[in-house]
Amino acid sequence: MSFDVAAVRRQFPILSEIIDGRPVHYLDNGASAQAPLAVLDAVRTYETTSRANVLRGVHRLAERATEAYENARIEVARFLGVQPLEIVFTGGCTAAINLVAYSYGQLLQRGDRILLSELEHHSNIVPWQLLRQRSGIELDMLPVTIDGRIDLEALPRMLSDQTRLVSLAHVSNVTGALVDVRAVVEAAKTVGARVMLDGAQRAPHGPLDLPALGVDFYAFAGHKAYGPNGVGVLWARPEVLEAMPPFHGGGSMIDRVTLAETTWAPPPRRFEAGTPPIGPAIGLGAACKWMAALDWSAAHEHEMALVQRLMDGLQGIDGTRILGPGSLQNRYPVVSFMLDGVHPHDVAQTVDAFGVAVRAGHHCAQPLMDRFDLDGTTRASMAPYNDNDDIDALLAGVKHAAKTLR
Amino acid sequence: MNDRLYQERIVALAKAKKGAGRLASPTRSARRDNPLCGDRVTIDIALDGHGKIAEIAHQVRGCLLCQASASALASVAVGRDAAGIADLRHDAERAIGREAGEAREPFSAFAPVREHKSRQECVLLPFEALEDALS
């Protein structure tokens with residue numbers, strides 16, 4: 001069955017935008033994806049018919065807001081194949097990982113080890129470095145193969161009886177490589193370590209079955225998954241959430257407060273101190289519902305055809321190199337490349353004049369750049385609404401940069 | 001729009017690579033990174049007995065604007081002390097629209113960067129590295 005990209009595009013008003021006489025070719029989805037009408041409408045409906053604080057209000061607007069907020073939790077849970085009360089709304093994916101590093105981190109002791117990889121986003125490195133400073137845990141780093149995958153052959157020697165957690169990108173935000181979760185979980189279990197996935201780049205490409213994956217924590221960002229800014233999700237196994245102390249203190253996360261001491265609410269409220277991002281969470285619920293309704297088998301095939309078109313086109317431009325897997329197997333639609341003699345920022349600036357939005361630089365993955373001795377890459381990241389015109393405009397821009405800037 | 005940014009003069013300054021490389025025996029060196037984009041500039045200088053730059057070299061791992069700025073700076077830095085370099089920086093700031101007034105050569109070439117706020121730090125990074133080396 002062919003994928004009707006035009007029908008998908010019609011749901012995204014911003015794709016009709018014209019800037020300096022050119023249509024928008026938005027290939028920066030890995031940074032922030034665009035929002036469909038379903039999401040924009042859900043947020044607008046909340047803001048115009050139900051805007052109020054959640055949980056404690058007895059008036060009807062508060063009841064509407066609370067119902068919409070909790071329905072969003074149900075939609076997110078359905079998208080991940082888990083139970084609603086296992087879903088914690090956070091400020092973003094970074095906030096979710098920091099929550100785990102702080103809160104789960106309090107259950108760790110000096111000498112415990114956490115295993116990461118060289119290709120992690122800074123948000124899956126720095127929170128653990130901060131934990132190391134606070135509590136004396138140790139960090140280990142899985143190496144990366146020449147084609148930009150986490151080298152899982154190193155897993156047995158990198159795991160030890162002290163390893164408590166393995167935290168990896170489900171999909172690399174630079175190379176697009178999908179990690180073999182089954183292999184990671186299997187190996188981690190042999191030493192009793194838990195597994196966390198940074199799903200920021202995977203969640204925007206279709207529903208998940210977290211129980212089947214066998215992981216213990218999963219985090220993703222709303223704005224990369226067609227939802228609003230300012231909201232993210234942490235999922236963790238219920239017994240893990242139950243064991244974790246709070247991260248932030250404040251309203252909503254308590255059971256009982258006296259001047260002498262406070263007891264905590266059960267999860268997920270224990271981890272949602274203060275007024276949560278209500279509108280953004282409702283928008284994210286709508287985004288998960290929108291994603292769940294898409295035919296992802298066809299959408300993924302469409303996205304990977306765009307990857308192939310881009311890789312073929314880049315190969316036709318003298319001096320381009322791709323950082324990442326050369327094949328379409330076990331990868332998602334993120335393509336990083338270098339153009340010899342032209343800095344990635346100059347490539348990105350040049351293609352912008354062709355109406356193309358891409359990302360350039362280190363992509364918050366400086367250790368990966370160090371691994372390959374790169375200043376940075378130019379990165380195109382696709383979504384189901386991208387089409388061949390987007391790829392062709394990017395290729396025309398890269399050709400122009402090759403011709404004029406070196 | 002983009003071709004207006006990458007005007008011939010900026011591209012020519014970058015390609016000239018004036019002062020590109022390292023000094024064998026620098027009096028002082030400094031490195032500056034732009035944490036937002038990852039650009040990195042390393043500056044070596046040799047000073048005469050009066051605190052003036054006798055030799056300068058730079059290594060840029062950065063974009064064309066950063067390379068062009070380092071090249072322009074190296075072309076006019078010799079014979080200047082810290083105050084003289086601060087004077088040049090005013091020229092660069094004027095060129096990119098952060099200060100009022102006309103920019104002199106060679107920094108007037110950077111006038112197209114006025115319209116691209118996200119790229120202005122690229123032009124200033126070599127100055128910051130040189131100021132560190134002189135401080």
# chains A, B, ... in the order shown; residues from 1 in each chain; ligands from 1
>>> interface_residues(of="chain B", to="chain A", cutoff="12 Å", atoms="only C-alpha atoms", output="MDAnalysis selection string")
chainID B and resid 1:8 10:16 33:41 60:67 113 116 118:119 122
>>> select_by_dssp(residues="chain B", states="strand (DSSP E)", output="ChimeraX atom specification")
/B:28-33,40-47,53-61
>>> residues_around(residues="B:Ala77", least_positions_apart="5", cutoff="10 Å", atoms="only C-alpha atoms", output="PyMOL selection string")
chain B and resi 45+52-56+72+82+84-85+88+130
>>> atom_distance(atom1="atom CA of B:Pro126", atom2="atom CA of B:Ser69")
6.7 Å
>>> residues_around(residues="A:Asp161", least_positions_apart="6", cutoff="9 Å", atoms="only C-alpha atoms", output="VMD selection string")
chain A and resid 112 to 113 190 to 193
>>> write_last_selection(atoms="C-alpha atoms", output="short mmCIF file (atom, residue, chain, number, x, y, z; two decimals), in the first residue's frame")
data_model
loop_
_atom_site.label_atom_id
_atom_site.label_comp_id
_atom_site.auth_asym_id
_atom_site.auth_seq_id
_atom_site.Cartn_x
_atom_site.Cartn_y
_atom_site.Cartn_z
CA ASP A 112 28.26 1.47 41.45
CA ARG A 113 28.70 1.79 37.69
CA THR A 190 23.25 -11.20 33.33
CA VAL A 191 24.70 -8.70 35.82
CA GLY A 192 21.37 -7.50 37.25
CA ALA A 193 21.62 -4.05 35.65
#
>>> closest_residue(among="A:Lys403, A:His302, A:Arg270, A:Arg10", to="A:Ala243", atoms="only C-alpha atoms")
A:Arg270
>>> atom_distance(atom1="atom CA of B:Ala57", atom2="atom CA of B:Ala70")
9.0 Å
>>> residues_around(residues="A:Ala200", least_positions_apart="3", cutoff="7 Å", atoms="only C-alpha atoms", output="PyMOL selection string")
chain A and resi 93+203+219-221+224
>>> residues_around(residues="B:Ala86", least_positions_apart="2", cutoff="12 Å", atoms="only C-alpha atoms", output="PDB file with N, CA and C atoms, in the first residue's frame")
ATOM      1  N   LEU B  73      41.864  39.350  10.667  1.00  0.00           N
ATOM      2  CA  LEU B  73      42.526  39.822  11.885  1.00  0.00           C
ATOM      3  C   LEU B  73      44.043  39.670  11.769  1.00  0.00           C
ATOM      4  N   ALA B  77      46.964  42.594  12.412  1.00  0.00           N
ATOM      5  CA  ALA B  77      47.260  42.563  13.855  1.00  0.00           C
ATOM      6  C   ALA B  77      48.713  42.913  14.173  1.00  0.00           C
ATOM      7  N   ARG B  80      50.366  45.785  16.603  1.00  0.00           N
ATOM      8  CA  ARG B  80      49.357  46.330  17.517  1.00  0.00           C
ATOM      9  C   ARG B  80      49.477  45.687  18.898  1.00  0.00           C
ATOM     10  N   ASP B  81      49.151  46.461  19.914  1.00  0.00           N
ATOM     11  CA  ASP B  81      49.063  45.930  21.275  1.00  0.00           C
ATOM     12  C   ASP B  81      47.597  45.666  21.618  1.00  0.00           C
ATOM     13  N   ALA B  82      47.315  45.389  22.893  1.00  0.00           N
ATOM     14  CA  ALA B  82      45.938  45.051  23.281  1.00  0.00           C
ATOM     15  C   ALA B  82      44.963  46.170  22.925  1.00  0.00           C
ATOM     16  N   ALA B  83      45.381  47.413  23.134  1.00  0.00           N
ATOM     17  CA  ALA B  83      44.486  48.538  22.815  1.00  0.00           C
ATOM     18  C   ALA B  83      44.237  48.610  21.312  1.00  0.00           C
ATOM     19  N   GLY B  84      45.273  48.323  20.540  1.00  0.00           N
ATOM     20  CA  GLY B  84      45.125  48.352  19.081  1.00  0.00           C
ATOM     21  C   GLY B  84      44.176  47.252  18.597  1.00  0.00           C
ATOM     22  N   LEU B  88      40.449  47.337  16.681  1.00  0.00           N
ATOM     23  CA  LEU B  88      40.013  46.540  15.524  1.00  0.00           C
ATOM     24  C   LEU B  88      38.672  45.864  15.811  1.00  0.00           C
ATOM     25  N   ARG B  89      38.510  45.434  17.041  1.00  0.00           N
ATOM     26  CA  ARG B  89      37.252  44.759  17.384  1.00  0.00           C
ATOM     27  C   ARG B  89      36.057  45.702  17.195  1.00  0.00           C
ATOM     28  N   HIS B  90      36.268  46.970  17.527  1.00  0.00           N
ATOM     29  CA  HIS B  90      35.186  47.934  17.291  1.00  0.00           C
ATOM     30  C   HIS B  90      34.801  47.946  15.821  1.00  0.00           C
ATOM     31  N   ASP B  91      35.795  47.819  14.956  1.00  0.00           N
ATOM     32  CA  ASP B  91      35.527  47.777  13.517  1.00  0.00           C
ATOM     33  C   ASP B  91      34.636  46.590  13.167  1.00  0.00           C
ATOM     34  N   ALA B  92      35.019  45.418  13.741  1.00  0.00           N
ATOM     35  CA  ALA B  92      34.231  44.209  13.459  1.00  0.00           C
ATOM     36  C   ALA B  92      32.813  44.360  14.000  1.00  0.00           C
ATOM     37  N   GLU B  93      32.697  44.925  15.205  1.00  0.00           N
ATOM     38  CA  GLU B  93      31.378  45.098  15.813  1.00  0.00           C
ATOM     39  C   GLU B  93      30.534  46.071  14.986  1.00  0.00           C
ATOM     40  N   LEU B 124      33.294  37.034  15.774  1.00  0.00           N
ATOM     41  CA  LEU B 124      33.970  37.603  16.949  1.00  0.00           C
ATOM     42  C   LEU B 124      34.875  36.607  17.673  1.00  0.00           C
ATOM     43  N   PHE B 127      38.635  37.223  17.720  1.00  0.00           N
ATOM     44  CA  PHE B 127      38.991  38.366  18.570  1.00  0.00           C
ATOM     45  C   PHE B 127      39.074  37.932  20.029  1.00  0.00           C
ATOM     46  N   GLU B 128      38.111  37.098  20.412  1.00  0.00           N
ATOM     47  CA  GLU B 128      38.088  36.684  21.813  1.00  0.00           C
ATOM     48  C   GLU B 128      39.315  35.842  22.158  1.00  0.00           C
ATOM     49  N   LEU B 130      42.221  36.055  20.634  1.00  0.00           N
ATOM     50  CA  LEU B 130      43.384  36.951  20.634  1.00  0.00           C
ATOM     51  C   LEU B 130      43.400  37.814  21.897  1.00  0.00           C
ATOM     52  N   GLU B 131      42.238  38.271  22.313  1.00  0.00           N
ATOM     53  CA  GLU B 131      42.174  39.072  23.543  1.00  0.00           C
ATOM     54  C   GLU B 131      42.643  38.248  24.753  1.00  0.00           C
ATOM     55  N   ASP B 132      42.261  36.959  24.752  1.00  0.00           N
ATOM     56  CA  ASP B 132      42.737  36.072  25.831  1.00  0.00           C
ATOM     57  C   ASP B 132      44.257  35.960  25.797  1.00  0.00           C
ATOM     58  N   LEU B 134      46.361  38.050  24.731  1.00  0.00           N
ATOM     59  CA  LEU B 134      47.009  39.322  25.086  1.00  0.00           C
ATOM     60  C   LEU B 134      46.791  39.696  26.550  1.00  0.00           C
ATOM     61  N   SER B 135      45.879  39.010  27.221  1.00  0.00           N
ATOM     62  CA  SER B 135      45.530  39.447  28.579  1.00  0.00           C
ATOM     63  C   SER B 135      46.491  38.852  29.607  1.00  0.00           C
TER      64      SER B 135
END
>>> residues_around(residues="A:Val144", least_positions_apart="6", cutoff="7 Å", atoms="only C-alpha atoms", output="list in words")
Glu118, Leu119, Ile150 and Asp151 of chain A
